[in-house]
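Here is the structure we will look at, set down as structure tokens.
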Amino acid sequence: MAAVQETVDRVKAIDVSEYKYGFFSDIESDKAPKGLNEDIVRFISAKKNEPAWLTEWRLEAYRRWLTMREPNWARVDFPRVNYQDLYYYSAPKTAAGPKSLDEVDPELLKVYAKLGIPLQEQEVLAGVVNPERKIAVDAVFDSVSVVTTFKEELSKAGVIFCPISEAVHTHPELVKKYLGSVVPTTDNYYATLNSAVFSDGSFVYIPPGVHCPMELSTYFRINEQNTGQFERTLIIADKGSYVSYLEGCTAPKRDENQLHAAVVELITHDDAEIKYSTVQNWYPGDSEGKGGIYNFVTKRGDCRGANSKISWTQVETGSAITWKYPSCILRGDNSRGEFYSIAISNGRQQVDSGTKMIHLGKNTTSRVISKGISAGKSQNTYRGQISAHRKATGARNFTNCDSLLIGNACGAHTVPYIESKNPSTQFEHEATTSKISEDQLFYCMQRGLSAEEATALIVNGFVRDVLQQLPMEFAVEAQKLIAISLEGSVG
Amino acid sequence: MLEVKNLNVSIGGRKILNDFNLTVQDGEVAAIMGPNGTGKSTLSYVIAGRKDYTVESGEVFLNGVNLLELEPDVRAAKGLFLAFQYPLEIPGVATMTFLKAALNAQRKQRGEEELSTPDFMKRVKESADKLGIKSDMLKRALNVGFSGGEKKRMDILQMALLQPSFGILDETDSGLDIDALRVVADGVNSLRSEKRGFLVITHYQRLLDYIVPDTVHVMAQGQIVRTGGKELALELEKSGYREYVTEQAVA
Ligand SMILES: Nc1ncnc2c1ncn2[C@@H]1O[C@H](COP(=O)(O)OP(=O)(O)O)[C@@H](O)[C@H]1O
Ligand SMILES: [Mg+2]
């Protein structure tokens, strides 16, 4: 036990206090008054100059929310959130309007540079910097999008990639048609709250037959104190189109908990495909469980068209509490849903995450690969639902759900729900729980690897199937993140 | 040179090594033979630094460096290699990745440059060819789904690559058929040198036909009870370990 114990101790000593994105940037902000009521909802809507239909849409959601209760079925435990003690809108003062990089407050650009986020559009366009592949970035700082790169180049291909607050004005027909069509305003407590107060997020539309010419990505940064973060992302892949989208998130270290309740809606029409990847690295709190983000997120994809495909890949290393179930509604015949997940918990983190695959169409298929890694005193739960509708003839699912424990003080749990109303469905579920054995560690160390290197190597082996699903540059980032969140071999 | 001095080791309150003494000179191949359960693997694990054991007293020196205070990875970087009786499986980690990580970790500890990928590949390929290890095996996860014999060959490959100053082979012959035994023994023999010592632990004499030792020690009840030349192995093959076990029990 000793070497494992030592690893655990080392992890304990450094873990979350090593969070390297924990800096706070002193950037002047424009905030709504604290608390939540109809006036605040109107305030947010007015700030964004929204049309009346959207203000009404928000208000309806708000009224609905007042009648709802927080869900309590997840295996997470935390003090109640006082929703009147939060700010629901915060924007960097200088952000109003700048839509090209040279207009952006240099202080803000510095923040993103410090986070290692590639906003260098000019250099790439001018050929100064020549990355292997171009990535268009939408950078969201607290409640607003501060810049979106490569917009023009994308628009040549007919791709719309912009903050949702902008899309409301430039493409109202698309927003009106699709917003809330996958996650309705009545869906669940956090999604309904989001519908009332959502701040910003990305909007993507890929026209028929277009293979999006570059990766799209959004980086979310929470900076302000006591501010809820409520992004809304909407991605539509029209017939026969394809897009790969990446999402990254960080937040400063704070002693208070911060609420993050996002909604992501994906829609694929016939023969279209969306590949959505997340590297979630919100501040996880310190090793005693103080501070950290409450990450209560609703992500859902609707394979509306035949032969369409939605694939979710997530690497979850941050947040104090994670409540998140990226799902697929497999409505179109022969449509396919995939969920690949690595969820790492350490310190006192609590993760309750998984997926729902809802088979409605004929010959729909889904695949779920989940790798949970628990260390420290954390709790890590996989919760997954696979269901088949009466008409879902020939539906198939394969689920593989592996848990790895590091040390003796953490927990791993698997909660599968499987239901089929059609006799022809084939659902397979495999689950394993293992520990990094003392023998494996000793073997690696005998060959020269330190305890930390050995742990990282074994964990990387454990998550390999999922890492392979990530776009290359994110896979490298994720691998580093895994090392950091487990050992503190920073850098 | 490996020196084990007055080593007393217990596990769970049970004494396993009993005032154990052993010296293996540079370039010497020493064999330890003895009945099952007498503490041979315990000895190798304690030298390599596995933590389950309580070292009550004694010292272990490798080339004058006291090993007992050091972490296993530091001992490895100082030149100690242990071929395991049961090599471990590391799922998802390609053998090649593991080999490179291990070699570079040792080089880093010794303050040496990392090996370039082409140099590394060349070295691996040379050693792998000698041991009849095919390149597709190097792409598979380390030891996962390997046969017993393949795992042993993989351990010898690692030894060849890491070029330790001292190698301990714990029951490397177990699970090997005669052809594999020959290949493994050739691998070990080609690593013999004036500088490099070996401790070959085995239950059977058979391995020692192929890796011919300079010295043979008989171990029973956690001690060396007899020492001789290579002919001692043949004698043990005939008479077994009974006399040593009973002798100890009576005494
Ligand atoms: N982890 C352990 N816990 C308790 N007893 C052990 C452990 N490892 C070895 N032993 C005991 O120590 C003794 C020596 O074992 P070992 O060193 O494996 O012997 P050998 O290699 O000579 O067969 C045996 O009696 C064995 O049961
Ligand atoms: Mg043994």
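Chain labels run A, B, ... following the order of the structure tokens; each chain numbers its residues from 1, and ligands are numbered from 1 in the order shown.
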
With a cut-off of 10 Å and counting only C-alpha atoms, select all residues of chain A in contact with chain B and give the selection as a PyMOL selection string. chain A and resi 1-4+436-451+453-454+457-465

Please, which residues have at least one atom within 9 Å of an atom of ligand 2, using only C-alpha atoms and all ligand atoms, listed as a list in words?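 Taking only C-alpha atoms and all ligand atoms into account, the residues around ligand 2 at most 9 Å away are Asn36, Gly37, Thr38, Gly39, Lys40, Ser41, Thr42, Ser44, Gln85, Asp170, Glu171, Ile201, Thr202 and His203 of chain B.
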
Writing out the chosen residues with all heavy atoms as an mmCIF file, in the first residue's frame:
data_model
loop_
_atom_site.group_PDB
_atom_site.id
_atom_site.type_symbol
_atom_site.label_atom_id
_atom_site.label_comp_id
_atom_site.auth_asym_id
_atom_site.auth_seq_id
_atom_site.Cartn_x
_atom_site.Cartn_y
_atom_site.Cartn_z
ATOM 1 N N ASN B 36 10.406 -23.417 -2.616
ATOM 2 C CA ASN B 36 9.384 -22.360 -2.680
ATOM 3 C C ASN B 36 9.074 -21.837 -1.287
ATOM 4 O O ASN B 36 9.083 -22.580 -0.317
ATOM 5 C CB ASN B 36 8.089 -22.908 -3.294
ATOM 6 C CG ASN B 36 8.234 -23.017 -4.795
ATOM 7 O OD1 ASN B 36 8.933 -22.228 -5.427
ATOM 8 N ND2 ASN B 36 7.587 -24.028 -5.367
ATOM 9 N N GLY B 37 8.848 -20.550 -1.208
ATOM 10 C CA GLY B 37 8.433 -19.957 0.057
ATOM 11 C C GLY B 37 9.580 -19.646 0.996
ATOM 12 O O GLY B 37 9.364 -19.273 2.149
ATOM 13 N N THR B 38 10.806 -19.730 0.493
ATOM 14 C CA THR B 38 11.929 -19.533 1.399
ATOM 15 C C THR B 38 12.381 -18.071 1.453
ATOM 16 O O THR B 38 13.202 -17.714 2.289
ATOM 17 C CB THR B 38 13.088 -20.472 0.990
ATOM 18 O OG1 THR B 38 13.958 -20.609 2.096
ATOM 19 C CG2 THR B 38 13.872 -19.914 -0.185
ATOM 20 N N GLY B 39 11.833 -17.244 0.568
ATOM 21 C CA GLY B 39 12.166 -15.815 0.654
ATOM 22 C C GLY B 39 13.003 -15.303 -0.500
ATOM 23 O O GLY B 39 13.555 -14.210 -0.431
ATOM 24 N N LYS B 40 13.079 -16.039 -1.611
ATOM 25 C CA LYS B 40 13.901 -15.605 -2.742
ATOM 26 C C LYS B 40 13.311 -14.353 -3.398
ATOM 27 O O LYS B 40 14.024 -13.393 -3.673
ATOM 28 C CB LYS B 40 14.019 -16.740 -3.781
ATOM 29 C CG LYS B 40 14.616 -18.029 -3.226
ATOM 30 C CD LYS B 40 14.838 -19.077 -4.296
ATOM 31 C CE LYS B 40 13.567 -19.555 -4.982
ATOM 32 N NZ LYS B 40 12.623 -20.292 -4.087
ATOM 33 N N SER B 41 11.994 -14.399 -3.629
ATOM 34 C CA SER B 41 11.371 -13.218 -4.236
ATOM 35 C C SER B 41 11.404 -12.044 -3.267
ATOM 36 O O SER B 41 11.627 -10.895 -3.679
ATOM 37 C CB SER B 41 9.927 -13.510 -4.646
ATOM 38 O OG SER B 41 9.915 -14.408 -5.738
ATOM 39 N N THR B 42 11.207 -12.346 -2.001
ATOM 40 C CA THR B 42 11.286 -11.284 -0.992
ATOM 41 C C THR B 42 12.627 -10.572 -1.079
ATOM 42 O O THR B 42 12.685 -9.336 -1.087
ATOM 43 C CB THR B 42 11.100 -11.892 0.411
ATOM 44 O OG1 THR B 42 9.823 -12.532 0.449
ATOM 45 C CG2 THR B 42 11.177 -10.826 1.495
ATOM 46 N N SER B 44 14.615 -10.288 -3.633
ATOM 47 C CA SER B 44 14.737 -9.453 -4.832
ATOM 48 C C SER B 44 13.889 -8.194 -4.707
ATOM 49 O O SER B 44 14.303 -7.108 -5.110
ATOM 50 C CB SER B 44 14.383 -10.257 -6.086
ATOM 51 O OG SER B 44 13.038 -10.669 -6.053
ATOM 52 N N GLN B 85 9.291 -12.226 -11.436
ATOM 53 C CA GLN B 85 8.752 -13.582 -11.567
ATOM 54 C C GLN B 85 7.423 -13.514 -12.321
ATOM 55 O O GLN B 85 7.141 -14.357 -13.161
ATOM 56 C CB GLN B 85 8.549 -14.196 -10.170
ATOM 57 C CG GLN B 85 8.045 -15.632 -10.237
ATOM 58 C CD GLN B 85 8.118 -16.349 -8.897
ATOM 59 O OE1 GLN B 85 8.571 -15.808 -7.887
ATOM 60 N NE2 GLN B 85 7.687 -17.600 -8.894
ATOM 61 N N ASP B 170 14.347 -13.117 -11.375
ATOM 62 C CA ASP B 170 13.572 -13.933 -10.435
ATOM 63 C C ASP B 170 12.761 -14.984 -11.181
ATOM 64 O O ASP B 170 11.760 -14.648 -11.809
ATOM 65 C CB ASP B 170 12.658 -13.026 -9.592
ATOM 66 C CG ASP B 170 12.016 -13.789 -8.428
ATOM 67 O OD1 ASP B 170 12.316 -14.994 -8.260
ATOM 68 O OD2 ASP B 170 11.222 -13.172 -7.701
ATOM 69 N N GLU B 171 13.186 -16.231 -11.105
ATOM 70 C CA GLU B 171 12.477 -17.354 -11.741
ATOM 71 C C GLU B 171 12.161 -17.057 -13.203
ATOM 72 O O GLU B 171 11.040 -17.297 -13.661
ATOM 73 C CB GLU B 171 11.167 -17.662 -10.990
ATOM 74 C CG GLU B 171 11.341 -17.842 -9.506
ATOM 75 C CD GLU B 171 11.370 -19.311 -9.071
ATOM 76 O OE1 GLU B 171 11.346 -20.209 -9.945
ATOM 77 O OE2 GLU B 171 11.471 -19.542 -7.857
ATOM 78 N N ILE B 201 17.848 -16.157 -9.770
ATOM 79 C CA ILE B 201 17.077 -16.908 -8.785
ATOM 80 C C ILE B 201 16.295 -17.978 -9.514
ATOM 81 O O ILE B 201 15.595 -17.693 -10.495
ATOM 82 C CB ILE B 201 16.105 -15.972 -8.036
ATOM 83 C CG1 ILE B 201 16.894 -14.960 -7.198
ATOM 84 C CG2 ILE B 201 15.141 -16.776 -7.173
ATOM 85 C CD1 ILE B 201 16.052 -13.883 -6.569
ATOM 86 N N THR B 202 16.435 -19.203 -9.073
ATOM 87 C CA THR B 202 15.673 -20.257 -9.735
ATOM 88 C C THR B 202 15.415 -21.419 -8.783
ATOM 89 O O THR B 202 16.137 -21.649 -7.826
ATOM 90 C CB THR B 202 16.386 -20.762 -11.006
ATOM 91 O OG1 THR B 202 15.589 -21.770 -11.614
ATOM 92 C CG2 THR B 202 17.756 -21.323 -10.700
ATOM 93 N N HIS B 203 14.345 -22.102 -9.107
ATOM 94 C CA HIS B 203 13.974 -23.262 -8.311
ATOM 95 C C HIS B 203 14.597 -24.513 -8.931
ATOM 96 O O HIS B 203 14.914 -25.467 -8.251
ATOM 97 C CB HIS B 203 12.443 -23.352 -8.346
ATOM 98 C CG HIS B 203 11.884 -24.413 -7.476
ATOM 99 N ND1 HIS B 203 11.831 -24.290 -6.106
ATOM 100 C CD2 HIS B 203 11.353 -25.617 -7.770
ATOM 101 C CE1 HIS B 203 11.275 -25.380 -5.598
ATOM 102 N NE2 HIS B 203 10.987 -26.201 -6.581
#

So, with only C-alpha atoms as the atoms that count, which of B:Gly27, B:Gly167, B:Gly175, B:Gly187 lies closest to Gly132 in chain B?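 Using only C-alpha atoms, Gly132 in chain B sits closest to B:Gly187.
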
If you measure from CA of Ser127 in chain B to CA of Ala160 in chain B, what distance in Å do you get, rounded to one decimal? 6.5 Å
